[in-house]
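These notes concern the structure reproduced below.
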Amino acid sequence: EKPVRGRTCLTEAVVQEAEVVSLPLGDESVEKNWNIVQIDRWSTNPSLLTVWVEYFLEPHVVIRALVEETVDKDGKPALSLHLWEPGPVFRWQGDVSTGGSNIRGGYCCVPVPGRLIDEKYVGQRFSLGIGHLQRIRSPSVGMQGDFERFVRVRRTRAYMQFFYLMMADAPFTMMWVSEEFCMT
């Protein structure tokens with residue numbers, strides 16, 4: 001390791017074969033965007049953490065991992081995985097869905113108290129995240145006469161963003177999804 005402006009740069013990062021966790025949750029050729037949703041420290045054993053990981057947004061898959069803070073053989077801080085348990089898979093309800101496909105994660109989540117949403121949700125806790133999806137562009141009427149733009153744009157992908165709001169506690173039920181928007 002060599003220090004750089006008060007930080008440490010890694011000269012090597014190694015994952016042992018025994019440390020690799022297989023995820024039999026679907027098509028392994030599809031990349032996923034992981035989000036840590038919540039980390040709970042056990043009150044009965046402060047070295048144990050329950051880590052809730054969002055694996056997929058639609059269907060909504062949240063995994064519970066039990067991790068122990070420990071030290072390795074050299075006395076350095078380490079984490080030991082004791083449990084990797086996929087939770088129930090939830091499809092978004094019709095009133096939640098954007099109708100999009102190829103929905104991916106983005107960033108999850110910041111806490112939102114229910115009182116900020118509506119007075120009927122006072123005392124409830126929510127989590128706000130942002131996701132994205134891909135749309136395949138197709139030429140529009142606005143491109144008539146602009147053949148060069150037509151060729152450049154056809155069949156290219158556009159990333160659309162959306163906000164999502166879910167309950168802040170397991171099973172992290174998806175409550176609302178915003179309209180899609182595009183960052184340009």
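Identifiers in this document derive from the order of the structure tokens: chains are assigned A, B, ..., residues are numbered from 1 separately in each chain, and ligands are numbered from 1 in order of occurrence.
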Taking only C-alpha atoms into account, produce a table as JSON lines in which each residue of segment 32-83 of chain A with an atom at most 12 Å from an atom of segment 117-127 of chain A appears once, together with its shortest atom pair and the distance in Å to one decimal, ordered by chain and rising number.
```
{"residue": "A:Ile36", "atom": "CA", "partner": "A:Ser127", "partner_atom": "CA", "distance": 11.7}
{"residue": "A:Val37", "atom": "CA", "partner": "A:Ser127", "partner_atom": "CA", "distance": 8.4}
{"residue": "A:Gln38", "atom": "CA", "partner": "A:Ser127", "partner_atom": "CA", "distance": 9.6}
```
Please dump the current selection as a short mmCIF file (atom, residue, chain, number, x, y, z; two decimals), in the first residue's frame; keep N, CA, C and O atoms.
```cif
data_model
loop_
_atom_site.label_atom_id
_atom_site.label_comp_id
_atom_site.auth_asym_id
_atom_site.auth_seq_id
_atom_site.Cartn_x
_atom_site.Cartn_y
_atom_site.Cartn_z
N ILE A 36 -27.38 -1.47 -0.88
CA ILE A 36 -27.57 -1.80 0.53
C ILE A 36 -28.73 -0.95 1.01
O ILE A 36 -28.70 0.28 0.94
N VAL A 37 -29.79 -1.62 1.47
CA VAL A 37 -31.00 -0.94 1.88
C VAL A 37 -30.91 -0.50 3.33
O VAL A 37 -31.28 0.60 3.70
N GLN A 38 -30.42 -1.41 4.17
CA GLN A 38 -30.42 -1.13 5.60
C GLN A 38 -29.42 -2.05 6.29
O GLN A 38 -29.22 -3.18 5.85
#
```
From the set A:Leu133, A:Val177, A:Leu83, A:Ile103, which residue has the shortest atom-to-atom contact distance to Val51 of chain A, counting only C-alpha atoms? A:Leu83
Near-Glu54 of chain A list (6 Å; only C-alpha atoms; drop same-chain fewer than 6 positions) as a PyMOL selection string: chain A and resi 34-35+62
Report, in Å with one decimal, the straight-line distance from atom CA of Gln161 of chain A to atom CA of Cys108 of chain A. 13.2 Å
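Of note, atom CA of Phe163 of chain A and atom CA of His60 of chain A are spaced 14.4 Å apart.
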What is the atom CA of Arg41 of chain A-atom CA of Glu58 of chain A distance in Å, reported with one decimal? 27.8 Å
Can you tell me, as a list in words, what residues are no more than 12 Å from Arg104 of chain A when counting only C-alpha atoms, ignoring any on the same chain fewer than 5 positions away? Val30, Glu31, Lys32, Asn33, Trp34, Asn35, Glu54, Tyr55, Phe56, Leu57, Glu58, Pro59, His60, Val61, Gly129, Ile130, Gly131, His132, Leu133, Gln134, Arg135, Tyr159, Met160, Gln161, Phe162, Phe163 and Tyr164 of chain A
What's the 10 Å shell around Met167 of chain A, counting only C-alpha atoms, without same-chain residues fewer than 2 positions away, as an MDAnalysis selection string? chainID A and resid 111:112 114 124:128 165 169:176
